[in-house]
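Raw contents of structure32.csv, CSV, C-alpha atoms (C1' of nucleotides):
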chain,number,residue,atom,x,y,z
X,32,MET,CA,-24.4,16.2,-58.5
X,33,GLU,CA,-26.3,18.8,-56.8
X,34,LYS,CA,-24.5,20.0,-53.8
X,35,ASN,CA,-26.5,19.6,-50.6
X,36,ARG,CA,-25.7,21.3,-47.4
X,37,SER,CA,-23.6,18.6,-45.9
X,38,SER,CA,-21.3,18.3,-48.9
X,39,ARG,CA,-20.5,22.0,-48.5
X,40,LYS,CA,-20.0,21.8,-44.8
X,41,ASP,CA,-16.2,22.3,-45.1
X,42,VAL,CA,-16.7,25.5,-47.0
X,43,LYS,CA,-16.6,28.1,-44.3
X,44,GLU,CA,-17.9,31.6,-44.6
X,45,LYS,CA,-15.2,34.2,-44.9
X,46,ILE,CA,-14.3,37.1,-42.7
X,47,PHE,CA,-11.6,39.5,-43.9
X,48,PHE,CA,-9.5,42.0,-42.0
X,49,LEU,CA,-7.8,45.0,-43.5
X,50,VAL,CA,-5.5,46.5,-40.9
X,51,GLY,CA,-2.5,48.8,-40.8
X,52,PRO,CA,-1.1,51.8,-39.0
X,53,THR,CA,-3.0,55.1,-39.0
X,54,ALA,CA,-3.0,57.2,-42.2
X,55,THR,CA,-2.1,54.4,-44.6
X,56,GLY,CA,-5.4,54.9,-46.5
X,57,LYS,CA,-7.3,51.8,-45.3
X,58,SER,CA,-10.7,53.4,-45.5
X,59,LYS,CA,-10.5,54.3,-49.2
X,60,VAL,CA,-9.1,50.9,-50.2
X,61,ALA,CA,-11.9,49.3,-48.1
X,62,ILE,CA,-14.6,50.9,-50.2
X,63,ILE,CA,-13.3,49.4,-53.4
X,64,LEU,CA,-12.7,46.0,-51.7
X,65,ALA,CA,-16.3,46.0,-50.3
X,66,LYS,CA,-17.7,46.6,-53.8
X,67,LYS,CA,-15.6,43.9,-55.4
X,68,LEU,CA,-16.0,41.3,-52.7
X,69,LYS,CA,-19.7,41.9,-52.0
X,70,ALA,CA,-18.7,42.8,-48.5
X,71,GLU,CA,-19.9,45.2,-45.8
X,72,ILE,CA,-17.4,47.1,-43.7
X,73,VAL,CA,-17.0,46.7,-39.9
X,74,SER,CA,-14.9,49.4,-38.3
X,75,CYS,CA,-12.2,47.9,-36.2
X,76,ASP,CA,-11.4,51.2,-34.4
X,77,SER,CA,-11.7,52.1,-30.8
X,78,MET,CA,-12.5,55.7,-31.4
X,79,GLN,CA,-14.7,55.8,-34.5
X,80,VAL,CA,-17.5,54.2,-32.4
X,81,TYR,CA,-18.1,57.7,-30.9
X,82,LYS,CA,-20.5,60.1,-32.4
X,83,GLY,CA,-19.0,63.6,-32.9
X,84,LEU,CA,-15.4,62.5,-33.0
X,85,ASP,CA,-15.4,63.0,-36.7
X,86,ILE,CA,-12.4,65.0,-37.7
X,87,VAL,CA,-10.2,63.7,-34.8
X,88,THR,CA,-10.7,60.1,-35.9
X,89,SER,CA,-10.7,60.8,-39.6
X,90,LYS,CA,-13.9,58.8,-40.1
X,91,PRO,CA,-14.6,57.6,-43.6
X,92,ALA,CA,-16.3,60.1,-45.8
X,93,LEU,CA,-20.1,60.3,-45.5
X,94,ALA,CA,-20.5,59.8,-49.2
X,95,ASP,CA,-18.6,56.5,-48.9
X,96,ARG,CA,-20.6,55.5,-45.9
X,97,ARG,CA,-23.7,55.9,-47.9
X,98,LYS,CA,-22.4,53.8,-50.8
X,99,ILE,CA,-21.3,50.9,-48.6
X,100,SER,CA,-22.7,50.0,-45.2
X,101,HIS,CA,-20.3,50.7,-42.4
X,102,HIS,CA,-20.9,49.1,-39.1
X,103,LEU,CA,-19.7,50.2,-35.6
X,104,ILE,CA,-19.1,53.8,-36.6
X,105,ASP,CA,-21.1,56.4,-34.6
X,106,VAL,CA,-22.7,53.8,-32.4
X,107,ILE,CA,-22.5,55.6,-29.0
X,108,SER,CA,-22.4,59.0,-27.5
X,109,PRO,CA,-19.0,60.4,-26.5
X,110,LYS,CA,-20.3,60.7,-23.0
X,111,GLU,CA,-20.4,57.0,-22.8
X,112,GLN,CA,-17.6,54.7,-21.8
X,113,TYR,CA,-16.7,52.0,-24.2
X,114,ASP,CA,-14.3,49.1,-24.1
X,115,VAL,CA,-13.1,45.9,-25.7
X,116,SER,CA,-15.8,43.7,-24.4
X,117,ARG,CA,-18.6,45.9,-25.8
X,118,TYR,CA,-16.7,46.0,-29.0
X,119,ARG,CA,-16.6,42.3,-29.1
X,120,ARG,CA,-20.3,42.0,-28.6
X,121,ASN,CA,-21.1,44.6,-31.2
X,122,ALA,CA,-18.7,43.0,-33.7
X,123,MET,CA,-20.3,39.6,-33.3
X,124,ASN,CA,-23.7,41.1,-33.9
X,125,ALA,CA,-22.4,42.8,-37.0
X,126,ILE,CA,-21.0,39.6,-38.3
X,127,GLY,CA,-24.3,37.9,-37.9
X,128,LYS,CA,-26.2,40.6,-39.6
X,129,ILE,CA,-23.9,40.7,-42.6
X,130,LEU,CA,-23.7,37.0,-43.1
X,131,ARG,CA,-27.5,36.8,-43.0
X,132,LYS,CA,-27.5,39.1,-46.0
X,133,HIS,CA,-25.0,36.6,-47.6
X,134,LYS,CA,-22.3,39.2,-47.6
X,135,THR,CA,-18.8,39.1,-46.3
X,136,PRO,CA,-17.7,41.0,-43.2
X,137,LEU,CA,-14.7,43.1,-43.9
X,138,PHE,CA,-13.1,44.5,-40.8
X,139,VAL,CA,-11.1,47.7,-41.3
X,140,GLY,CA,-9.1,49.5,-38.8
X,141,GLY,CA,-6.0,49.9,-36.7
X,142,THR,CA,-6.9,48.7,-33.2
X,143,GLY,CA,-5.0,45.5,-32.8
X,144,LEU,CA,-6.6,44.4,-29.6
X,145,TYR,CA,-10.1,44.7,-31.1
X,146,MET,CA,-9.1,42.6,-34.0
X,147,SER,CA,-7.6,40.0,-31.7
X,148,VAL,CA,-10.7,39.9,-29.6
X,149,VAL,CA,-12.9,39.3,-32.6
X,150,ILE,CA,-10.7,36.5,-33.9
X,151,ASP,CA,-9.5,34.9,-30.7
X,152,GLY,CA,-12.4,35.8,-28.4
X,153,ILE,CA,-12.3,37.4,-25.0
X,154,PHE,CA,-12.6,35.7,-21.6
X,155,LYS,CA,-16.1,36.0,-20.1
X,156,HIS,CA,-16.7,37.6,-16.7
X,157,LYS,CA,-19.5,39.8,-15.7
X,158,SER,CA,-18.9,43.5,-15.5
X,159,GLY,CA,-19.9,45.7,-12.6
X,160,ASN,CA,-16.4,46.0,-11.1
X,161,SER,CA,-15.9,49.7,-11.3
X,162,ARG,CA,-16.2,50.0,-7.5
X,163,ILE,CA,-13.5,47.5,-6.9
X,164,ARG,CA,-11.4,49.1,-9.5
X,165,ALA,CA,-11.7,52.5,-8.0
X,166,LYS,CA,-10.9,51.1,-4.6
X,167,LEU,CA,-7.8,49.5,-6.0
X,168,TYR,CA,-6.6,52.7,-7.6
X,169,ARG,CA,-7.2,54.5,-4.3
X,170,GLU,CA,-5.1,52.0,-2.6
X,171,ALA,CA,-2.4,52.3,-5.1
X,172,SER,CA,-2.2,56.1,-4.7
X,173,HIS,CA,-1.9,55.7,-0.9
X,174,LYS,CA,0.2,52.6,-0.4
X,175,GLY,CA,2.0,52.6,-3.7
X,176,SER,CA,1.7,50.2,-6.7
X,177,THR,CA,4.4,47.8,-5.5
X,178,GLN,CA,2.2,46.7,-2.7
X,179,LEU,CA,-0.6,45.9,-5.1
X,180,PHE,CA,1.9,44.0,-7.2
X,181,GLU,CA,3.0,42.0,-4.2
X,182,ARG,CA,-0.6,41.1,-3.6
X,183,LEU,CA,-0.9,39.9,-7.2
X,184,VAL,CA,2.2,37.7,-6.8
X,185,ARG,CA,0.4,36.0,-3.9
X,186,VAL,CA,-3.0,35.7,-5.5
X,187,ASP,CA,-2.1,35.0,-9.1
X,188,PRO,CA,1.6,34.2,-9.6
X,189,GLU,CA,1.1,33.3,-13.2
X,190,ALA,CA,-0.4,36.7,-14.0
X,191,SER,CA,2.2,38.5,-11.9
X,192,ALA,CA,5.0,36.8,-13.9
X,193,ARG,CA,3.6,38.4,-17.1
X,194,ILE,CA,2.7,41.8,-15.8
X,195,HIS,CA,5.5,44.3,-15.1
X,196,PRO,CA,5.5,45.7,-11.5
X,197,HIS,CA,5.0,49.2,-12.9
X,198,ASP,CA,2.1,48.3,-15.2
X,199,LEU,CA,-0.5,49.5,-12.7
X,200,ARG,CA,-3.3,49.3,-15.1
X,201,ARG,CA,-2.9,45.5,-15.6
X,202,ILE,CA,-2.1,44.9,-12.0
X,203,VAL,CA,-5.4,46.5,-11.0
X,204,ARG,CA,-7.3,44.7,-13.7
X,205,ALA,CA,-6.0,41.3,-12.5
X,206,LEU,CA,-6.7,42.0,-8.8
X,207,GLU,CA,-10.1,43.4,-9.7
X,208,VAL,CA,-11.0,40.2,-11.5
X,209,PHE,CA,-9.8,38.1,-8.7
X,210,GLU,CA,-11.8,40.0,-6.1
X,211,ALA,CA,-14.9,39.9,-8.2
X,212,THR,CA,-14.8,36.2,-9.2
X,213,GLY,CA,-12.4,34.6,-6.7
X,214,GLN,CA,-10.5,33.2,-9.7
X,215,PRO,CA,-7.1,34.3,-11.0
X,216,ILE,CA,-7.3,36.2,-14.2
X,217,SER,CA,-4.6,34.1,-15.7
X,218,LYS,CA,-6.8,31.1,-15.5
X,219,LEU,CA,-9.9,32.8,-16.8
X,220,GLN,CA,-8.0,34.3,-19.7
X,221,LYS,CA,-7.3,30.9,-21.1
X,222,GLN,CA,-11.0,30.4,-21.6
X,223,ARG,CA,-11.6,32.3,-24.8
X,224,GLU,CA,-13.4,31.2,-27.8
X,225,GLY,CA,-12.4,32.5,-31.2
X,226,LEU,CA,-14.1,32.3,-34.5
X,227,ALA,CA,-11.2,30.7,-36.4
X,228,GLY,CA,-12.9,27.3,-36.2
X,229,LYS,CA,-16.2,28.5,-37.5
X,230,TYR,CA,-15.1,30.9,-40.2
X,231,GLU,CA,-12.3,31.4,-42.7
X,232,VAL,CA,-10.4,34.4,-41.5
X,233,ALA,CA,-7.8,36.2,-43.7
X,234,CYS,CA,-5.9,39.3,-42.5
X,235,VAL,CA,-4.0,41.8,-44.6
X,236,CYS,CA,-1.9,44.7,-43.3
X,237,LEU,CA,-0.9,47.7,-45.4
X,238,ASP,CA,2.8,48.3,-45.0
X,239,MET,CA,4.4,51.6,-45.8
X,240,GLU,CA,8.0,52.7,-45.3
X,241,LYS,CA,8.4,54.6,-42.1
X,242,PRO,CA,9.5,57.9,-43.7
X,243,ALA,CA,6.5,57.8,-46.1
X,244,LEU,CA,4.2,56.9,-43.3
X,245,TYR,CA,5.4,59.7,-41.1
X,246,ARG,CA,4.9,62.1,-44.0
X,247,ARG,CA,1.3,60.9,-44.4
X,248,ILE,CA,0.7,61.4,-40.7
X,249,GLU,CA,1.9,65.0,-41.0
X,250,GLN,CA,-0.3,65.7,-44.0
X,251,ARG,CA,-3.3,64.1,-42.2
X,252,VAL,CA,-2.7,66.3,-39.1
X,253,ASP,CA,-2.4,69.4,-41.1
X,254,HIS,CA,-5.5,68.5,-43.0
X,255,MET,CA,-7.4,67.9,-39.7
X,256,PHE,CA,-6.6,71.3,-38.5
X,257,LYS,CA,-7.8,72.8,-41.8
X,258,ALA,CA,-11.0,70.8,-41.6
X,259,GLY,CA,-11.9,72.4,-38.3
X,260,LEU,CA,-10.3,70.2,-35.6
X,261,VAL,CA,-10.1,73.0,-33.1
X,262,GLU,CA,-13.8,73.8,-33.5
X,263,GLU,CA,-14.7,70.1,-33.1
X,264,VAL,CA,-12.7,69.7,-30.0
X,265,LYS,CA,-14.1,72.9,-28.6
X,266,LYS,CA,-17.6,71.6,-29.1
X,267,LEU,CA,-16.8,68.2,-27.7
X,268,SER,CA,-15.2,69.8,-24.6
X,269,ARG,CA,-18.5,71.5,-23.8
X,270,GLY,CA,-20.2,68.3,-23.1
X,271,ALA,CA,-18.8,65.8,-20.6
X,272,LEU,CA,-16.6,63.5,-22.6
X,273,SER,CA,-16.3,60.0,-21.2
X,274,LYS,CA,-12.9,58.9,-20.0
X,275,THR,CA,-12.4,56.6,-23.0
X,276,ALA,CA,-13.6,59.0,-25.6
X,277,SER,CA,-11.4,61.8,-24.3
X,278,LEU,CA,-8.4,59.6,-25.0
X,279,ALA,CA,-8.7,60.0,-28.7
X,280,LEU,CA,-5.5,61.5,-30.1
X,281,GLY,CA,-6.0,65.1,-30.9
X,282,ILE,CA,-8.3,66.0,-28.0
X,283,ARG,CA,-5.8,66.5,-25.3
X,284,GLU,CA,-3.4,68.3,-27.7
X,285,VAL,CA,-6.0,70.7,-28.9
X,286,GLN,CA,-7.4,71.3,-25.4
X,287,GLY,CA,-3.9,72.3,-24.3
X,288,TYR,CA,-4.0,75.0,-27.0
X,289,LEU,CA,-7.5,76.1,-26.0
X,290,LYS,CA,-6.4,76.5,-22.5
X,291,GLY,CA,-3.6,78.7,-23.7
X,292,LEU,CA,-0.8,76.4,-22.6
X,293,TYR,CA,0.8,76.7,-26.0
X,294,GLY,CA,0.3,77.9,-29.5
X,295,LEU,CA,-1.5,76.4,-32.4
X,296,ASP,CA,1.7,75.2,-34.0
X,297,GLU,CA,2.8,73.5,-30.8
X,298,ALA,CA,-0.5,71.7,-30.7
X,299,LYS,CA,0.1,70.5,-34.3
X,300,GLN,CA,3.6,69.3,-33.5
X,301,LEU,CA,2.4,67.5,-30.4
X,302,LEU,CA,-0.4,65.7,-32.3
X,303,LYS,CA,2.0,64.7,-35.1
X,304,ARG,CA,4.5,63.3,-32.6
X,305,ASN,CA,1.9,61.4,-30.6
X,306,THR,CA,0.4,60.0,-33.8
X,307,ARG,CA,3.8,58.8,-34.8
X,308,LEU,CA,4.3,57.0,-31.5
X,309,TYR,CA,0.9,55.5,-31.9
X,310,ALA,CA,1.6,54.2,-35.4
X,311,LYS,CA,4.8,52.7,-34.1
X,312,ARG,CA,2.9,50.7,-31.4
X,313,GLN,CA,0.4,49.6,-34.0
X,314,LEU,CA,3.2,48.2,-36.1
X,315,THR,CA,4.6,46.3,-33.2
X,316,TRP,CA,1.2,44.8,-32.6
X,317,PHE,CA,0.6,43.7,-36.2
X,318,ARG,CA,4.1,42.4,-36.7
X,319,LYS,CA,3.6,40.0,-33.8
X,320,ASP,CA,0.5,38.5,-35.3
X,321,LYS,CA,1.7,35.9,-37.7
X,322,ARG,CA,-1.7,35.4,-39.3
X,323,ILE,CA,-1.4,38.8,-40.9
X,324,LYS,CA,0.0,39.0,-44.5
X,325,TRP,CA,1.7,42.2,-45.4
X,326,ILE,CA,1.4,44.3,-48.6
X,327,LYS,CA,4.0,46.9,-49.3
X,328,ILE,CA,2.6,50.1,-50.6
X,329,THR,CA,4.0,53.5,-51.4
X,330,ALA,CA,2.5,56.9,-51.1
X,331,GLY,CA,2.0,57.1,-54.8
X,332,ASP,CA,-0.1,53.9,-55.1
X,333,SER,CA,-3.7,54.4,-56.1
X,334,ALA,CA,-6.4,53.0,-53.9
X,335,TYR,CA,-7.5,50.9,-56.8
X,336,GLY,CA,-4.0,49.4,-57.3
X,337,ILE,CA,-3.8,48.6,-53.6
X,338,ALA,CA,-7.3,47.1,-53.6
X,339,GLY,CA,-6.3,44.8,-56.5
X,340,LYS,CA,-3.2,43.6,-54.6
X,341,VAL,CA,-5.3,43.0,-51.5
X,342,ILE,CA,-7.8,40.9,-53.3
X,343,LYS,CA,-5.2,38.8,-54.9
X,344,LEU,CA,-3.6,38.2,-51.6
X,345,LEU,CA,-6.9,37.4,-49.9
X,346,ARG,CA,-7.6,34.8,-52.7
X,347,ASN,CA,-4.2,33.3,-52.1
X,348,ILE,CA,-4.7,32.9,-48.4
X,349,CYS,CA,-8.1,31.3,-49.0
X,350,LYS,CA,-6.8,28.9,-51.6
X,351,LYS,CA,-4.1,27.7,-49.3
X,352,LYS,CA,-6.6,27.0,-46.7
X,353,ARG,CA,-8.9,25.4,-49.3
X,354,CYS,CA,-11.9,27.6,-48.7
Y,1,G,C1',36.3,96.4,-30.5
Y,2,C,C1',35.6,95.7,-25.1
Y,3,C,C1',33.2,93.0,-20.9
Y,4,G,C1',30.3,88.8,-19.4
Y,5,A,C1',28.0,83.9,-20.2
Y,6,G,C1',28.3,79.7,-23.0
Y,7,G,C1',29.7,75.8,-26.9
Y,8,U,C1',28.7,68.0,-24.2
Y,9,A,C1',23.5,62.9,-27.8
Y,10,G,C1',18.7,64.7,-33.0
Y,11,C,C1',16.7,68.7,-29.1
Y,12,U,C1',16.9,71.0,-24.0
Y,13,C,C1',20.6,70.6,-20.5
Y,14,A,C1',23.5,68.0,-15.9
Y,15,G,C1',28.2,66.4,-14.3
Y,16,U,C1',33.4,64.8,-13.4
Y,17,G,C1',41.4,65.2,-13.4
Y,18,G,C1',40.6,58.5,-14.6
Y,19,U,C1',37.5,58.8,-22.3
Y,20,A,C1',30.3,60.9,-20.0
Y,21,G,C1',24.8,61.1,-18.1
Y,22,A,C1',19.0,62.9,-17.6
Y,23,G,C1',14.4,64.3,-19.9
Y,24,C,C1',12.3,64.5,-24.7
Y,25,G,C1',13.1,62.5,-29.6
Y,26,C,C1',14.5,58.0,-32.2
Y,27,G,C1',14.6,52.4,-32.5
Y,28,G,C1',12.8,47.7,-30.5
Y,29,C,C1',9.2,45.1,-27.5
Y,30,C,C1',4.8,43.7,-24.2
Y,31,C,C1',-0.4,43.7,-24.4
Y,32,U,C1',-7.5,39.4,-23.6
Y,33,G,C1',-13.1,44.7,-20.1
Y,34,A,C1',-9.3,52.5,-20.6
Y,35,A,C1',-6.0,49.8,-26.1
Y,36,A,C1',-5.7,56.4,-30.2
Y,37,A,C1',-4.7,53.7,-23.4
Y,38,G,C1',-0.8,51.7,-20.2
Y,39,G,C1',4.0,49.5,-19.5
Y,40,C,C1',9.3,47.6,-20.5
Y,41,C,C1',14.2,47.7,-22.9
Y,42,G,C1',18.1,50.2,-25.8
Y,43,G,C1',22.8,55.8,-25.5
Y,44,C,C1',22.3,56.3,-30.9
Y,45,G,C1',28.6,60.9,-28.7
Y,46,U,C1',35.0,63.6,-33.1
Y,47,G,C1',32.6,66.4,-25.3
Y,48,G,C1',33.6,73.5,-31.1
Y,49,G,C1',39.2,73.4,-33.6
Y,50,G,C1',44.4,73.5,-32.3
Y,51,G,C1',48.3,73.5,-28.7
Y,52,G,C1',50.1,72.9,-23.5
Y,53,U,C1',50.3,70.9,-18.1
Y,54,C,C1',49.7,65.9,-16.3
Y,55,C,C1',50.8,58.9,-15.8
Y,56,G,C1',46.0,60.4,-17.6
Y,57,A,C1',42.0,66.0,-19.8
Y,58,U,C1',35.5,66.5,-21.4
Y,59,U,C1',37.2,68.6,-16.8
Y,60,C,C1',43.1,72.8,-15.6
Y,61,C,C1',46.0,76.6,-18.9
Y,62,C,C1',46.8,79.2,-23.7
Y,63,U,C1',44.9,80.3,-28.5
Y,64,C,C1',41.5,80.4,-32.5
Y,65,C,C1',36.4,79.9,-34.2
Y,66,C,C1',31.1,80.2,-33.1
Y,67,U,C1',26.5,81.7,-30.3
Y,68,C,C1',24.0,84.8,-26.8
Y,69,G,C1',23.6,89.2,-23.5
Y,70,G,C1',25.7,94.1,-22.1
Y,71,C,C1',28.9,98.3,-23.3
Y,72,A,C1',30.7,101.0,-27.2
File written out as structure tokens:
Amino acid sequence: MEKNRSSRKDVKEKIFFLVGPTATGKSKVAIILAKKLKAEIVSCDSMQVYKGLDIVTSKPALADRRKISHHLIDVISPKEQYDVSRYRRNAMNAIGKILRKHKTPLFVGGTGLYMSVVIDGIFKHKSGNSRIRAKLYREASHKGSTQLFERLVRVDPEASARIHPHDLRRIVRALEVFEATGQPISKLQKQREGLAGKYEVACVCLDMEKPALYRRIEQRVDHMFKAGLVEEVKKLSRGALSKTASLALGIREVQGYLKGLYGLDEAKQLLKRNTRLYAKRQLTWFRKDKRIKWIKITAGDSAYGIAGKVIKLLRNICKKKRC
RNA sequence: GCCGAGGUAGCUCAGUGGUAGAGCGCGGCCCUGAAAAGGCCGGCGUGGGGGGUCCGAUUCCCUCCCUCGGCA
């Protein structure tokens, strides 16, 4: 009659993901979801982790962040380097914290790799390889990247089969891991531990028709400029931005304007185009992940309406999995 | 009106007497320590209209239309 712990063992704790390309309105929907699902939000975004990148990354409104706890926003200085593995660590901590409060973690964002690394895990290998990496890049610039690729073919044929000879970034990464550990990255990468076994994971993606999405992107960019994007970038540029932080869309485009390379309108057009390209890549990523369920939305839908659909879908997913 | 330059992909422009390319855009894809990054694939075309020469014209000739610059 009374349910003891063991009889509930098969009822796993839930972790939700709300993803989608940029500018679909995830943040607003997430606030409503968090309230209704007794959840706390974990940002799944590679750029919102940085303090000071507020307008460029369209962080959720401060008022909303006070109402619902948001994790992994503003966690490091823009002078610092950040990467997937740090995110993975931070995310696991956040999950622990939230579950201890008997709440549900709701991941919200558009960084596909970060989502994957939370759900599927990441292969472990100690860091401290920046020297090797720098050395490899130096080699590449002298001897050319094909030579590095040929070395990879010898050292790790499996990885070389999956990495394009022009994809220098991944070639260097694979060689760097090999030099640091003596083991091929292709072998190490198979050792990853996800949380699908421990938790019930459900993922929903907001899906908008391309023309509508592109219109939203244009509106967002216009709004960013009105909100003071140029000032923000000017301020950020005064301090030393880390390599990773400086890659946020909008920084390079505005810096070009600040340097006088082109006018304000050109900067705006560039940012719109680059954001479109980014959204396209995001869509490719999400389409590939068959765990994700899609919700068609239009520009006219209210956040409440969308949130309602998302909740229904999440319940459906969980029912099917009997959780 | 005259002179000159030019009309080729969505845009900017190459090129050739045997029906066309490049960059960007656009579309698709890959991705496990830079991921808002990086890489790969795809030409998406009434060659301004009409006529002529030629086996064959986007390419040569004529004509018309349009754009830009100069002169009036």
I need the chain Y residues near chain X as a compact mmCIF listing (two decimals) with C-alpha atoms (C1' of nucleotides), in the coordinates of the input; criterion: at most 9 Å, counting all atoms listed in the file.
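Done, and the output landed in result.txt:
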# COMPACT_ATOMS: atom_id res chain seq x y z
C1' G Y 28 12.80 47.70 -30.50
C1' C Y 29 9.20 45.10 -27.50
C1' C Y 30 4.80 43.70 -24.20
C1' C Y 31 -0.40 43.70 -24.40
C1' U Y 32 -7.50 39.40 -23.60
C1' G Y 33 -13.10 44.70 -20.10
C1' A Y 34 -9.30 52.50 -20.60
C1' A Y 35 -6.00 49.80 -26.10
C1' A Y 36 -5.70 56.40 -30.20
C1' A Y 37 -4.70 53.70 -23.40
C1' G Y 38 -0.80 51.70 -20.20
C1' G Y 39 4.00 49.50 -19.50
C1' C Y 40 9.30 47.60 -20.50
Just the residues within 12 Å of G6 of chain Y, please, counting all atoms listed in the file, with nothing from its chain fewer than 6 positions along; format it as a compact mmCIF listing (two decimals) with C-alpha atoms (C1' of nucleotides), keeping the file's coordinate frame.
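So the final result, stored in around.txt, reads:
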# COMPACT_ATOMS: atom_id res chain seq x y z
C1' G Y 48 33.60 73.50 -31.10
C1' C Y 66 31.10 80.20 -33.10
C1' U Y 67 26.50 81.70 -30.30
C1' C Y 68 24.00 84.80 -26.80
C1' G Y 69 23.60 89.20 -23.50
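Rounded to one decimal, atom C1' of A20 of chain Y and atom C1' of G4 of chain Y lie 27.9 Å from each other.
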*Write out as a list in words which residues come within 6 Å of segment 329-342 of chain X when counting all atoms listed in the file, dropping same-chain ones fewer than 2 positions away.*
Val60, Leu64, Met239, Leu344 and Leu345 of chain X
For C-alpha atoms, I'd like the residues from the last selection saved as a compact mmCIF listing (two decimals), in the frame of the given file.
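Heads up, here's the output in result_32.txt:
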# COMPACT_ATOMS: atom_id res chain seq x y z
CA VAL X 60 -9.10 50.90 -50.20
CA LEU X 64 -12.70 46.00 -51.70
CA MET X 239 4.40 51.60 -45.80
CA LEU X 344 -3.60 38.20 -51.60
CA LEU X 345 -6.90 37.40 -49.90
Please provide as an mmCIF file with C-alpha atoms, keeping the file's coordinate frame all residues within 10 Å of segment 263-272 of chain X, with the sequence filter that same-chain residues fewer than 2 positions apart are discarded (counting only C-alpha atoms (C1' of nucleotides)).
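File part.cif, as written:
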data_model
loop_
_atom_site.group_PDB
_atom_site.id
_atom_site.type_symbol
_atom_site.label_atom_id
_atom_site.label_comp_id
_atom_site.auth_asym_id
_atom_site.auth_seq_id
_atom_site.Cartn_x
_atom_site.Cartn_y
_atom_site.Cartn_z
ATOM 1 C CA GLY X 83 -19.000 63.600 -32.900
ATOM 2 C CA LEU X 84 -15.400 62.500 -33.000
ATOM 3 C CA ASP X 85 -15.400 63.000 -36.700
ATOM 4 C CA ILE X 86 -12.400 65.000 -37.700
ATOM 5 C CA VAL X 87 -10.200 63.700 -34.800
ATOM 6 C CA SER X 108 -22.400 59.000 -27.500
ATOM 7 C CA PRO X 109 -19.000 60.400 -26.500
ATOM 8 C CA LYS X 110 -20.300 60.700 -23.000
ATOM 9 C CA GLU X 111 -20.400 57.000 -22.800
ATOM 10 C CA GLN X 112 -17.600 54.700 -21.800
ATOM 11 C CA PHE X 256 -6.600 71.300 -38.500
ATOM 12 C CA ALA X 258 -11.000 70.800 -41.600
ATOM 13 C CA GLY X 259 -11.900 72.400 -38.300
ATOM 14 C CA LEU X 260 -10.300 70.200 -35.600
ATOM 15 C CA VAL X 261 -10.100 73.000 -33.100
ATOM 16 C CA LYS X 274 -12.900 58.900 -20.000
ATOM 17 C CA THR X 275 -12.400 56.600 -23.000
ATOM 18 C CA ALA X 276 -13.600 59.000 -25.600
ATOM 19 C CA SER X 277 -11.400 61.800 -24.300
ATOM 20 C CA LEU X 278 -8.400 59.600 -25.000
ATOM 21 C CA GLY X 281 -6.000 65.100 -30.900
ATOM 22 C CA ILE X 282 -8.300 66.000 -28.000
ATOM 23 C CA ARG X 283 -5.800 66.500 -25.300
ATOM 24 C CA GLU X 284 -3.400 68.300 -27.700
ATOM 25 C CA VAL X 285 -6.000 70.700 -28.900
ATOM 26 C CA GLN X 286 -7.400 71.300 -25.400
ATOM 27 C CA LEU X 289 -7.500 76.100 -26.000
#
*Two-atom distance - atom CA of Gly175 of chain X, atom CA of Val203 of chain X (Å)*: 12.1 Å
*asked:* For G52 of chain Y, find every residue with an atom within 12 Å (counting all atoms listed in the file), except residues of its own chain fewer than 4 positions away, and show them as JSON, numbers by chain.
replied: {"Y": [57, 60, 61, 62, 63]}
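Comparing the minimum interatomic distances between Arg131 of chain X and each of X:Leu183, X:Ala94, X:Cys75, X:Ala70, counting all atoms listed in the file, we find that X:Ala70 sits nearest.
With all atoms listed in the file as the basis for measurement, Y:A9 is the residue among Y:C64, Y:C54, Y:C2, Y:A9 that approaches A22 of chain Y most closely.
For the atom pair formed by atom CA of Lys90 of chain X and atom CA of Arg120 of chain X, the distance is 21.3 Å, given to one decimal.
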*For segment 230-233 of chain X, work out the shell of residues within 12 Å, counting all atoms listed in the file and skipping chain neighbours fewer than 3 positions away, then give it as a ChimeraX atom specification.*
/X:40-50,126-127,130,135-138,146-147,149-151,225-227,236,321-325,341-354
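Between U58 of chain Y and the residues Y:G17, Y:G25, Y:G43, Y:G1, the shortest atom-to-atom distance, using only C-alpha atoms (C1' of nucleotides), involves Y:G17.
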*Would you please work out which residue, of X:Glu71, X:Glu262, X:Glu189, X:Glu207, is nearest to His102 of chain X when using all atoms listed in the file?*
X:Glu71
